[in-house]
Amino acid sequence: MNEKLTTLFNRIKADINLFTVNEAQTSQGIVLPILNNLGWEVFDTSEVVPEYSVGGRRVDFALKIQSTNKVFLEIKKTSENLDNHQEQLVYYAFQQGVKLAILTNGITWQFYLPLEEGSWEQRRFFTIDLMEQSIEDAVEKFESLLSRKNIESGNAYQKAKSLFDGRQKNKIIKENLPKAWQKLISEPDEMLVELLNETLEKISGYKAENTHITEFLQNTFPNFSIGNLNPTKSRLANNIISPPLVENNQEPIKLNPDEIEELFHTKILEAEFDGRQSPKNWRSILDTGLIIAFEKGFTVAALQETLVINFKEGSHNLQGFSPIEGVKYSWQNQDANKTAANAVKLAKLLRCEISILFEWREKGKFPMHRGTIYWKP
């Protein structure tokens, strides 16, 4: 495995300021280091060509080998929705006869075959999400699809064409659709079929046809039909019952509250902060503690002496920020490890008992095992 790329992806995942960077910072801090670790000469402007002109417009980077355009790469800031920009990029690549195009905000990487048939959306054959997919999978896909040696040899295009043609698609969808469903039902959101498909794409890199989704739901829940969804509320219908958790008789694994780690791919089962129950996700646990802290008269400045949290005054829902209910502050999302560590630090600061019962998912450190975090004064 590419160890330098692995280290880089770990750093990206751990960056608490990731969602505040602009396009230039995304390019310099994320995209160019990735290209460099994939063998591209990022300081050779004849190979990695910035601001490449196409019909009076510009593409952020053209990757060239022996003066031939091999890849067009368009970069947006980390908080940008990529769906609004794919048509322009793919059209430019199509005009220039470029076989591979990539649209990225540094976190999500959308891969396109511009010369294939279909709509611009249909020409997208793969997606890598650095926050959702495992680092091992992301490294493997980046090397096979974007390393300089594989681009030069043509292996990258053959791999891309194979993915586009779907020789591996049905197998991967079949393997990952249950995982996507488990993730979805633990965090219910709007538009069940569409959201399940989006979650599947983040996990596996593929989107399924709606018929695949419907067939899966109907096979899992015999009484399920699209009509079971409330089109106005767009929430999970009451008569849809989630698959049962794997049962086991093992005692929960007790984590040291002072050395919290390995919480990736987990879900909360029960949680209390100073006797107050929290909704079942990591952020809500810390939210509960922060609400208690503000009720006790703590200021943001005082909290930041103990906690590693990026606060912003007011209610914000951009750049990874979410508001604290009933409080005039928002804070920027963190991964589960950092959030849990901050929750324990806050419990100690407030001299409050904290108790969390959670479960590792299939990709977690201890698949389908339960764990606990507990501290009291």
# chains A, B, ... in the order shown; residues from 1 in each chain; ligands from 1
>>> closest_atom_pairs(of="segment 59-85 of chain A", to="segment 17-38 of chain A", cutoff="6 Å", atoms="only C-alpha atoms", output="Markdown table")
| residue | atom | partner | partner_atom | distance |
| --- | --- | --- | --- | --- |
| A:Lys76 | CA | A:Glu23 | CA | 5.2 |
| A:Lys77 | CA | A:Glu23 | CA | 4.2 |
| A:Thr78 | CA | A:Phe19 | CA | 5.5 |
| A:Ser79 | CA | A:Phe19 | CA | 5.7 |
>>> residues_around(residues="segment 334-337 of chain A", least_positions_apart="6", cutoff="9 Å", atoms="only C-alpha atoms", output="count of residues only")
15
>>> closest_residue(among="A:Glu41, A:Glu198, A:Glu121, A:Asp274", to="Ser147 of chain A", atoms="only C-alpha atoms")
A:Glu41
>>> atom_distance(atom1="atom CA of Phe61 of chain A", atom2="atom CA of Glu47 of chain A")
9.6 Å
>>> residues_around(residues="Thr372 of chain A", least_positions_apart="5", cutoff="12 Å", atoms="only C-alpha atoms", output="PyMOL selection string")
chain A and resi 251-257+260+263+266-272+340+354-360
>>> residues_around(residues="Asn317 of chain A", least_positions_apart="4", cutoff="12 Å", atoms="only C-alpha atoms", output="list in words")
Phe19, Ser79, Lys312, Glu313, Phe321, Ser322, Pro323, Ile324, Tyr329, Ser330, Trp331, Gln332 and Asn333 of chain A
